[in-house]
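Okay, structure first, notes after.
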Amino acid sequence: MRLFFLILIITLPGVLILHGQFWDNKNAAIVDSEERSATVIKQLISLQQLQITQSGHFLQELAKMSPLQSGDHQLCSDFLATMLKLIPAFSNLTMRNLDGELLCNAKPSDQQIDQKDGIYFQQTLLQKRVTLSGIQDQPISKNLSLNFAYPVYKTGSLDVIGAIVADISLQWWKEALESLSLPEDAQVYISDANDNIIASHPDNPDHLGKKRPPIVMIDSASQRNAWFDFSFQPSSVEHSISFAGGENHALNISVEYPISEAWQHSNQTLYNRTLLFIAFNLLVLLLVLNHLKITVLAPLQQLTKATNNLLKGKLSNNIKNTNIRELKILQQRFQRMARIRLQSENNAIKHNDELQSLLNSLPDTYLKVSYTGNILSYKKLDAFMPLPQHQDINIKTVLPDDIANQLIQAMHSQDSTQNLIWEFCVTRKEQQYNYEMRCTALSNEMSFIAILRDITQRKSNEEATQLAASVYRNSSEGMAITDADGIILDINPAFSRLTQYTQEEILGQSFSKLSSGKHSKSFYKEMWEQITTTGRWQGEIENRRKNGELFIELLTIDTIYNEDQRVHRYVAIFTDITASKAAEKLIWKQANFDHLTNLPNRVMLKNTIEKEMARSQRRGSMMAMLLLDLDRFKDVNDTLGHAIGDQLLIEVARRLTFTVRKVDTVARLGGDEFVVLLSDIKDLSDINIIATNILQSLAQVYHFGENTVHISACIGISLYPNDNDCIEDLLKSADQAMYTGKARGRNRFYFFTPEMQHAITLRAELIRSLRKAIEREQFTLYYQPIVDLQTGRINKAEALIRWLHPERGTINPVDFIPLAEETRLINPLGKWIFATALEQVKLIRQTINNAFQITINISPIQFSCKESGIESWSEQLLQADVCGSALVTEITEGLIMDPGKRTQNLLSALKKIGMQLALDDFGTGYSSLSYLHELDSDYLKIDQKFVKTIKPGNDALTMCEAIIVMAHRLGLKVIAEGIETESQKALLMTAGCDFGQGYLFSHPLSGEQLVALLASPSP
């Protein structure tokens, strides 16, 4: 008790210190979580404020456009539809009069939605500014959205004639949340002024439009001061932002940010320090134990030594006295007990001779053992375990310690009139022996008589019998024993489990009761002939269970003979292999068949082709290979999802199988590629008929629930042995024919021709020539001037590469740039273009115009490869003593849709060294204002396909005007490509276009011609 209080006093300060540190760590975790929550809110506020500001500016610019004030419903609707394409976040644009009635709509709809009573609509008319609504259910777009509204003024006055309304889908807020890479266990809600949810994380579409759940704020009073509270509580911060339109049109952001990770770290710290604290206490305990060893254990060791001496018949008189009262009493009592013990042993010696005489007449080993374990006398102990003569022996010397201890304890608990029978094992020389020991306590003596008998052989026989019975009963294999006539005499439990027949039902029956009827009489005849001849049969057999279910078993039948070699018994052992056979079949099917369509796959197709080729050789017939590829299958996956795409592939496989003949083979190579193998073709007209039927069948409409799909296919055909006699070459030939067909049109079939092989050879030759041309620098740069439309001056030019082929003459880039990109030769070619353009712009700046710029086109491949050399441009500019603004990097808008981290880093690096960025072909692909804003470009180029068709009042001009207005609002200059007429130039100048480029001003010029043009008096 005193030791306990001592340890408690020592450990109490440490416990208090640990708790204080743990409390501080919890507070720090809460503060850190609150700061992270605030950071998330700031990021969301920044994203939403940017979108709201851009949307407001966009509506203000739209309100000034003449189509909205024209009163022409069709013109206004077409204009809004064009504008809608520029802002992916908008789901619809509408123009409404003062009564809220629909005047025009970017998306046609038969429904008339009156917005007169909308608070936001009335506020935009009264306050004449941009307003924002709460969540709206839009019948036109059939989605939940938020509406922006801005008044439209009558031309030339401040009279409001209506308002333009933009619907922003809630999808934008969802994407904004996904862009933040929030933790999975964080909860974020964005809601409108009515607390209806606009977006949430994790995303849950069922929450949209519903009330935001209450925020679970951390209770600082209870959580921060809790003693060793390891439970997790979320921390949350609630914040609201308001947009023009009053408090009823506020957007609210609520964040619940987890602190479990920080608290787990705090708990781990407490755990580690607790371990150190325990280790310290253990050290203190060791010191205490050392003191106990000196004051308590040493006297106890003296008593132990005295006890050992007593076992040897000696009395220890040199025990030192101790100062501890209890131990002193123990020493005195031990001395008294030792004297009594020795006197008793002396009396026992008198009877030893009598006992030895009796034991010598018995065959087994006899022992007389004291209750302390000493063997007082023995007979034939040497036969049991050889021992040195004249040595005092303890029972633990003869028996294992655990057996000896159990024996002594058992004898102490036995009545003197009862006998104890004991069996045990002893291992000698790596061999195990079994013994039976019969013990009887001697009355009036502290000893007992033990008789030891070697029962090793008997136990071995018993164990063998029990093992055989156990194996028979517990084996997972069914076993049955029959007589010489095949009548079942006995079965094991596994037999009943596998066949469902009980022992009572099957004993006395023959194995024919299990017959499935699947095997012929000859099968059983051969089986019994082998059993009769060899005494054994093993094989697979199909039998029937009691419930009628068939199963496959691996059966072994052995014969047991009498001494006269006549059949005594038959032993049948069988294993149910139904599951393994099914698994083998499944594995074979998975290896040879497509898992989706159940058609043969590439492996099975190869085996089939080999067989059909051999058959065609024997019969002298043709074999046709039809390689089929679905047209625009990717569009189905992208628009309707992969589930519909898989259903479409299954239906295509079904139609193909139904269309071809039974002798033909339909296989799926992968993706949307199929192969049809036509056998025994006598005439090419047969192939034409089958291919036409396939195309017609596949072109029919597909219905998948509410979805309707129209799709076609292109087929390439190669013939064996006409085209090739190798499987891979046949596939290549069919593939070449198919892609030739795709290039010339879809929903058709083409036969492989030598001309196709010739085209492939020419392409390979062109690639080889391109490699040589790069090595020999057989290229030159032409420069097309870019004219300032307001001043007519030429301050820029676009570098255009030409291949000066020694045999084919000048080759335009459209004929070799795709090959260069495909083979990555665009990288060395791009290095040459940059170096040549740098040298040219340096010459012009030094001699003619120190502000001149040359634009160079950069392929997306160059941004994705380290070998492009873009990283070294800054060093080359420095060595040439040319500033970065002398060159403009021109990229296509397709690159910015998925730029990748490397591309983003390279573009940022180019901007840092002063190079400007021009976005080419804008409006021809996936134009995105958000990407355009993030890209930080300087110029936007209108593709020439818009410029060539512009006329007063047409859609092309409207599109150009919209692009120019939008670019100027974003701080970009606009360059129009392909200007060929004065009319086009005038229309673009009126629209506010900054620069022009095209044959109206100049054809592409060589470097010398460009210098001469710039040096002329009126360039």
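Simple scheme: letters A, B, ... for chains in structure tokens order, numbers from 1 for residues in each chain, numbers from 1 for ligands in the order shown.
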Worksheet item: Hey, what's within 8 Å of Tyr153 in chain A if we count only C-alpha atoms and toss same-chain stuff fewer than 6 positions away? As a PyMOL selection string, please?
Response: chain A and resi 63-64+69+159-162
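Every protein, DNA or RNA residue with an atom at most 8 Å from Tyr435 in chain A, where only C-alpha atoms count and chain neighbours fewer than 5 positions away do not, is listed here: A:Glu423, A:Phe424, A:Cys425, A:Val426, A:Leu452, A:Arg453, A:Asp454, A:Ile455, A:Thr456.
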Practice prompt. Pick out the residues sitting within 10 Å of Arg748 in chain A, and hand them over as a PyMOL selection string; count only C-alpha atoms, and ignore anything fewer than 4 positions along from it in its own chain.
Written response: chain A and resi 691-692+694-696+712-716+738+741-742+744
Practice prompt. Please run DSSP on the backbone and report, as a VMD selection string, all residues within range 49-109 of chain A that come out as alpha helix (DSSP H).
Written response: chain A and resid 49 to 63 66 to 69 73 to 86
Item to complete: Have a look at A:His595, A:Arg497, A:Lys368, A:Lys513 and name the one nearest to Ile449 in chain A; count only C-alpha atoms.
Response: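 So, comparing all the options, the nearest one is A:Lys368.
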Worksheet item: Could you name the residues that touch Leu376 in chain A at 10 Å or less, counting only C-alpha atoms, but leaving out those on the same chain fewer than 4 positions away, as number ranges by chain?
Response: A: 345, 348-349, 352, 367-370, 392-395, 447-449
The selected residues should be written to file as a PDB file, in the first residue's frame (atoms: C-alpha atoms).
```
ATOM      1  CA  GLU A 345      13.094 -39.850   5.917  1.00  0.00           C
ATOM      2  CA  ALA A 348      11.394 -44.580   5.674  1.00  0.00           C
ATOM      3  CA  ILE A 349      14.826 -46.034   4.981  1.00  0.00           C
ATOM      4  CA  ASN A 352      13.457 -49.870   1.850  1.00  0.00           C
ATOM      5  CA  LEU A 367       8.848 -46.373  -8.203  1.00  0.00           C
ATOM      6  CA  LYS A 368       8.335 -45.159  -4.703  1.00  0.00           C
ATOM      7  CA  VAL A 369       8.042 -41.407  -4.861  1.00  0.00           C
ATOM      8  CA  SER A 370       7.741 -38.876  -2.105  1.00  0.00           C
ATOM      9  CA  ASP A 392      19.614 -39.378  -5.915  1.00  0.00           C
ATOM     10  CA  ILE A 393      16.744 -39.243  -8.417  1.00  0.00           C
ATOM     11  CA  ASN A 394      13.763 -36.914  -8.519  1.00  0.00           C
ATOM     12  CA  ILE A 395      10.557 -37.726 -10.383  1.00  0.00           C
ATOM     13  CA  SER A 447       4.797 -40.929  -0.654  1.00  0.00           C
ATOM     14  CA  PHE A 448       3.140 -43.088  -3.280  1.00  0.00           C
ATOM     15  CA  ILE A 449       3.877 -46.164  -5.367  1.00  0.00           C
TER      16      ILE A 449
END
```
